[in-house]
file start.cif (mmCIF, C-alpha atoms, pLDDT in the B column; chains and numbers go by the auth columns)
data_structure
loop_
_atom_site.group_PDB
_atom_site.id
_atom_site.type_symbol
_atom_site.label_atom_id
_atom_site.label_comp_id
_atom_site.label_asym_id
_atom_site.label_seq_id
_atom_site.Cartn_x
_atom_site.Cartn_y
_atom_site.Cartn_z
_atom_site.B_iso_or_equiv
_atom_site.auth_seq_id
_atom_site.auth_asym_id
ATOM 1 C CA MET A 1 0.000 0.000 0.000 49.00 20 A
ATOM 2 C CA THR A 2 1.255 3.489 -0.755 51.00 21 A
ATOM 3 C CA GLU A 3 2.181 5.927 1.989 57.00 22 A
ATOM 4 C CA PHE A 4 -0.813 8.004 3.136 51.00 23 A
ATOM 5 C CA ASP A 5 -0.464 11.585 4.289 60.00 24 A
ATOM 6 C CA PRO A 6 -3.094 12.199 7.005 61.00 25 A
ATOM 7 C CA LYS A 7 -3.140 15.938 6.265 72.00 26 A
ATOM 8 C CA ARG A 8 -4.051 15.491 2.589 86.00 27 A
ATOM 9 C CA PRO A 9 -7.495 14.462 1.299 93.00 28 A
ATOM 10 C CA MET A 10 -7.662 10.858 0.133 96.00 29 A
ATOM 11 C CA THR A 11 -7.505 10.298 -3.631 96.00 30 A
ATOM 12 C CA LEU A 12 -9.608 7.744 -5.512 96.00 31 A
ATOM 13 C CA ASP A 13 -6.495 5.618 -6.106 97.00 32 A
ATOM 14 C CA GLU A 14 -5.748 5.634 -2.376 96.00 33 A
ATOM 15 C CA ALA A 15 -9.401 4.795 -1.683 97.00 34 A
ATOM 16 C CA ARG A 16 -9.188 1.772 -3.994 98.00 35 A
ATOM 17 C CA GLU A 17 -6.140 0.553 -2.058 97.00 36 A
ATOM 18 C CA PHE A 18 -7.848 1.230 1.277 97.00 37 A
ATOM 19 C CA VAL A 19 -11.099 -0.625 0.474 97.00 38 A
ATOM 20 C CA ALA A 20 -9.086 -3.542 -0.931 97.00 39 A
ATOM 21 C CA SER A 21 -7.232 -3.823 2.396 97.00 40 A
ATOM 22 C CA VAL A 22 -10.283 -3.637 4.685 95.00 41 A
ATOM 23 C CA PRO A 23 -11.606 -6.895 6.243 96.00 42 A
ATOM 24 C CA TRP A 24 -15.252 -6.572 5.119 97.00 43 A
ATOM 25 C CA ARG A 25 -17.895 -8.566 6.993 95.00 44 A
ATOM 26 C CA SER A 26 -21.385 -9.402 5.776 92.00 45 A
ATOM 27 C CA VAL A 27 -24.295 -8.091 7.814 86.00 46 A
ATOM 28 C CA LYS A 28 -26.458 -10.732 9.460 81.00 47 A
ATOM 29 C CA GLY A 29 -30.013 -11.004 8.166 72.00 48 A
ATOM 30 C CA THR A 30 -31.570 -11.066 11.621 68.00 49 A
ATOM 31 C CA PRO A 31 -34.975 -9.337 11.819 68.00 50 A
ATOM 32 C CA GLU A 32 -34.911 -6.162 13.911 68.00 51 A
ATOM 33 C CA GLY A 33 -36.665 -2.878 14.570 67.00 52 A
ATOM 34 C CA PRO A 34 -40.397 -2.140 14.810 73.00 53 A
ATOM 35 C CA ALA A 35 -41.072 -3.806 11.431 67.00 54 A
ATOM 36 C CA ASN A 36 -39.196 -6.971 12.521 73.00 55 A
ATOM 37 C CA LYS A 37 -37.456 -7.177 9.129 72.00 56 A
ATOM 38 C CA PRO A 38 -33.786 -7.816 8.363 62.00 57 A
ATOM 39 C CA PRO A 39 -31.497 -5.185 6.844 71.00 58 A
ATOM 40 C CA GLU A 40 -30.636 -5.489 3.164 80.00 59 A
ATOM 41 C CA PRO A 41 -27.513 -7.515 2.426 83.00 60 A
ATOM 42 C CA HIS A 42 -24.355 -5.439 2.561 91.00 61 A
ATOM 43 C CA GLN A 43 -20.860 -5.523 4.023 94.00 62 A
ATOM 44 C CA TYR A 44 -19.341 -3.333 6.702 95.00 63 A
ATOM 45 C CA ALA A 45 -16.074 -2.517 8.448 97.00 64 A
ATOM 46 C CA ILE A 46 -15.621 -0.842 11.815 97.00 65 A
ATOM 47 C CA ASN A 47 -13.315 2.017 12.763 96.00 66 A
ATOM 48 C CA GLY A 48 -11.414 0.548 15.678 94.00 67 A
ATOM 49 C CA TRP A 49 -10.673 -2.856 14.208 95.00 68 A
ATOM 50 C CA ARG A 50 -6.902 -3.190 14.146 95.00 69 A
ATOM 51 C CA GLU A 51 -7.046 -3.816 10.362 95.00 70 A
ATOM 52 C CA VAL A 52 -8.846 -0.482 9.822 95.00 71 A
ATOM 53 C CA PRO A 53 -6.440 2.384 10.565 95.00 72 A
ATOM 54 C CA ALA A 54 -8.368 5.321 12.037 94.00 73 A
ATOM 55 C CA ASP A 55 -6.600 7.946 9.924 94.00 74 A
ATOM 56 C CA LEU A 56 -7.483 6.106 6.705 95.00 75 A
ATOM 57 C CA TYR A 57 -11.036 5.520 7.904 95.00 76 A
ATOM 58 C CA TRP A 58 -11.589 9.264 8.471 94.00 77 A
ATOM 59 C CA ARG A 59 -9.922 10.207 5.196 96.00 78 A
ATOM 60 C CA PHE A 60 -12.248 7.754 3.423 96.00 79 A
ATOM 61 C CA VAL A 61 -15.269 9.275 5.196 96.00 80 A
ATOM 62 C CA GLY A 62 -14.077 12.683 3.964 95.00 81 A
ATOM 63 C CA LEU A 63 -13.736 11.368 0.396 97.00 82 A
ATOM 64 C CA VAL A 64 -17.291 9.965 0.401 97.00 83 A
ATOM 65 C CA ASP A 65 -18.602 13.304 1.688 94.00 84 A
ATOM 66 C CA ARG A 66 -16.515 15.281 -0.813 95.00 85 A
ATOM 67 C CA LEU A 67 -17.014 13.264 -4.012 95.00 86 A
ATOM 68 C CA GLY A 68 -20.144 11.267 -3.288 95.00 87 A
ATOM 69 C CA TYR A 69 -23.760 11.961 -4.190 94.00 88 A
ATOM 70 C CA ARG A 70 -26.734 12.282 -1.858 94.00 89 A
ATOM 71 C CA GLY A 71 -29.283 9.481 -1.747 94.00 90 A
ATOM 72 C CA SER A 72 -32.367 8.579 0.274 93.00 91 A
ATOM 73 C CA TYR A 73 -32.804 5.203 1.899 92.00 92 A
ATOM 74 C CA THR A 74 -35.659 3.743 3.903 91.00 93 A
ATOM 75 C CA PRO A 75 -34.512 0.808 6.065 85.00 94 A
ATOM 76 C CA PRO A 76 -36.919 -2.158 5.826 82.00 95 A
ATOM 77 C CA TYR A 77 -36.593 -2.732 9.571 79.00 96 A
ATOM 78 C CA ARG A 78 -37.423 0.929 10.351 85.00 97 A
ATOM 79 C CA PRO A 79 -39.646 2.336 7.558 87.00 98 A
ATOM 80 C CA ASP A 80 -40.677 5.289 9.735 90.00 99 A
ATOM 81 C CA ARG A 81 -37.065 6.623 9.715 89.00 100 A
ATOM 82 C CA PRO A 82 -35.910 7.405 6.174 91.00 101 A
ATOM 83 C CA GLN A 83 -32.279 8.480 5.907 91.00 102 A
ATOM 84 C CA VAL A 84 -30.238 10.705 3.625 92.00 103 A
ATOM 85 C CA ASN A 85 -26.629 9.618 3.156 93.00 104 A
ATOM 86 C CA SER A 86 -23.678 10.350 0.892 94.00 105 A
ATOM 87 C CA TYR A 87 -22.766 7.506 -1.465 96.00 106 A
ATOM 88 C CA LEU A 88 -19.652 6.951 -3.575 97.00 107 A
ATOM 89 C CA GLU A 89 -19.257 4.364 -6.328 96.00 108 A
ATOM 90 C CA ILE A 90 -15.801 2.800 -6.649 97.00 109 A
ATOM 91 C CA GLY A 91 -15.398 -0.172 -8.960 96.00 110 A
ATOM 92 C CA PRO A 92 -18.285 -2.640 -8.566 96.00 111 A
ATOM 93 C CA HIS A 93 -19.375 -1.286 -5.158 96.00 112 A
ATOM 94 C CA VAL A 94 -21.208 1.694 -3.742 97.00 113 A
ATOM 95 C CA TYR A 95 -19.922 2.907 -0.357 97.00 114 A
ATOM 96 C CA TRP A 96 -21.553 4.921 2.422 95.00 115 A
ATOM 97 C CA THR A 97 -20.567 5.820 5.940 93.00 116 A
ATOM 98 C CA VAL A 98 -22.212 5.563 9.321 89.00 117 A
ATOM 99 C CA PRO A 99 -19.920 7.750 11.438 80.00 118 A
ATOM 100 C CA PRO A 100 -18.363 7.573 13.842 87.00 119 A
ATOM 101 C CA LYS A 101 -17.699 3.852 13.571 94.00 120 A
ATOM 102 C CA GLN A 102 -18.831 2.210 10.341 95.00 121 A
ATOM 103 C CA ILE A 103 -18.265 2.172 6.591 97.00 122 A
ATOM 104 C CA CYS A 104 -20.533 0.048 4.413 95.00 123 A
ATOM 105 C CA ARG A 105 -20.690 -1.230 0.870 97.00 124 A
ATOM 106 C CA THR A 106 -22.855 -3.241 -1.482 95.00 125 A
ATOM 107 C CA ARG A 107 -22.583 -4.100 -5.141 94.00 126 A
ATOM 108 C CA ILE A 108 -23.904 -1.261 -7.295 94.00 127 A
ATOM 109 C CA GLU A 109 -26.577 -3.476 -8.843 93.00 128 A
ATOM 110 C CA HIS A 110 -27.920 -4.269 -5.337 90.00 129 A
ATOM 111 C CA ARG A 111 -28.098 -0.721 -4.013 89.00 130 A
ATOM 112 C CA GLN A 112 -31.256 0.099 -2.084 89.00 131 A
ATOM 113 C CA HIS A 113 -31.073 3.896 -2.085 91.00 132 A
ATOM 114 C CA GLU A 114 -32.456 6.416 -4.550 91.00 133 A
ATOM 115 C CA PRO A 115 -30.116 9.188 -5.727 92.00 134 A
ATOM 116 C CA ILE A 116 -31.476 12.640 -4.941 92.00 135 A
ATOM 117 C CA PRO A 117 -31.569 14.814 -8.091 86.00 136 A
ATOM 118 C CA GLU A 118 -29.609 18.038 -7.980 72.00 137 A
ATOM 119 C CA GLN A 119 -31.816 20.860 -6.759 50.00 138 A
ATOM 120 C CA GLU A 120 -31.997 24.035 -8.757 45.00 139 A
ATOM 121 C CA ASP A 121 -30.007 26.818 -7.163 45.00 140 A
ATOM 122 C CA LEU A 122 -32.722 29.240 -6.091 40.00 141 A
ATOM 123 C CA PHE A 123 -30.177 31.982 -5.539 42.00 142 A
ATOM 124 C CA SER A 124 -29.115 31.943 -9.204 44.00 143 A
ATOM 125 C CA GLN A 125 -32.542 33.266 -10.254 48.00 144 A
ATOM 126 C CA PRO A 126 -32.810 37.024 -10.867 50.00 145 A
ATOM 127 C CA PRO A 127 -34.456 38.782 -7.921 48.00 146 A
ATOM 128 C CA GLU A 128 -38.061 39.876 -8.288 50.00 147 A
ATOM 129 C CA THR A 129 -38.383 43.612 -8.791 49.00 148 A
ATOM 130 C CA GLY A 130 -42.009 43.966 -7.793 52.00 149 A
ATOM 131 C CA ASP A 131 -42.874 45.346 -11.250 50.00 150 A
ATOM 132 C CA GLU A 132 -44.682 42.146 -12.206 47.00 151 A
ATOM 133 C CA HIS A 133 -47.748 43.099 -10.107 48.00 152 A
ATOM 134 C CA GLU A 134 -48.408 46.534 -11.594 45.00 153 A
#

call {"tool": "encode", "arguments": {"input": "start.cif", "output": "structure tokens"}}
result
Amino acid sequence: MTEFDPKRPMTLDEAREFVASVPWRSVKGTPEGPANKPPEPHQYAINGWREVPADLYWRFVGLVDRLGYRGSYTPPYRPDRPQVNSYLEIGPHVYWTVPPKQICRTRIEHRQHEPIPEQEDLFSQPPETGDEHE
């Protein structure tokens, strides 16, 4: 693995190396929450595992926030609590974070979130002059 500088934002190449080195675990399909349904299949890694260096974990979180897109997700086990997360696609996987302790991934074709379309910048519209009502 290349040398990482903790003061510099993580690059996509460094992210590829990082996610290849992480010991991913598959989530258990145990029913939970008020709906008593299991979470969708995905993998996760925990900040604090000795194989997941904290500095690289936080730099990866920063990369997902910086380069990712926003998406909405409604957990099957908790349909009354929709979530908005940042997602980043790298290779065949889409990644998201659950700070402060968890990073997650699933194959892109199995993603369960809906990308949120870019919202029009309301401040780029010319201001109303008031003349329209005369």

call {"tool": "closest_atom_pairs", "arguments": {"input": "start.cif", "of": "range 111-136 of chain A", "to": "range 71-83 of chain A", "cutoff": "10 Å", "atoms": "only C-alpha atoms", "output": "tab-separated table"}}
result
residue	atom	partner	partner_atom	distance
A:Tyr114	CA	A:Val83	CA	7.6
A:Trp115	CA	A:Val83	CA	6.9
A:Thr116	CA	A:Val80	CA	6.4
A:Val117	CA	A:Val80	CA	8.9
A:Pro118	CA	A:Val80	CA	7.9
A:Pro119	CA	A:Trp77	CA	8.8
A:Lys120	CA	A:Tyr76	CA	8.9
A:Gln121	CA	A:Tyr76	CA	8.8
A:Ile122	CA	A:Val80	CA	7.8

call {"tool": "atom_distance", "arguments": {"input": "start.cif", "atom1": "CA of Gly67 in chain A", "atom2": "CA of Val38 in chain A"}}
result
15.3 Å

call {"tool": "closest_residue", "arguments": {"input": "start.cif", "among": "A:Gln62, A:Ser45, A:Asn55, A:Ser40", "to": "Arg124 in chain A", "atoms": "all atoms listed in the file"}}
result
A:Gln62

call {"tool": "residues_around", "arguments": {"input": "start.cif", "residues": "range 105-110 of chain A", "least_positions_apart": "3", "cutoff": "12 Å", "atoms": "all atoms listed in the file", "output": "PyMOL selection string"}}
result
chain A and resi 30-39+79-92+102+113-118+122-128+130-135

call {"tool": "closest_residue", "arguments": {"input": "start.cif", "among": "A:His112, A:Arg97, A:His61, A:Lys56", "to": "Arg44 in chain A", "atoms": "only C-alpha atoms"}}
result
A:His61

call {"tool": "atom_distance", "arguments": {"input": "start.cif", "atom1": "CA of His129 in chain A", "atom2": "CA of Val41 in chain A"}}
result
20.3 Å

call {"tool": "atom_distance", "arguments": {"input": "start.cif", "atom1": "CA of Pro94 in chain A", "atom2": "CA of Pro53 in chain A"}}
result
10.9 Å

call {"tool": "closest_residue", "arguments": {"input": "start.cif", "among": "A:Glu137, A:Thr93, A:Pro28, A:Pro42", "to": "Glu70 in chain A", "atoms": "only C-alpha atoms"}}
result
A:Pro42
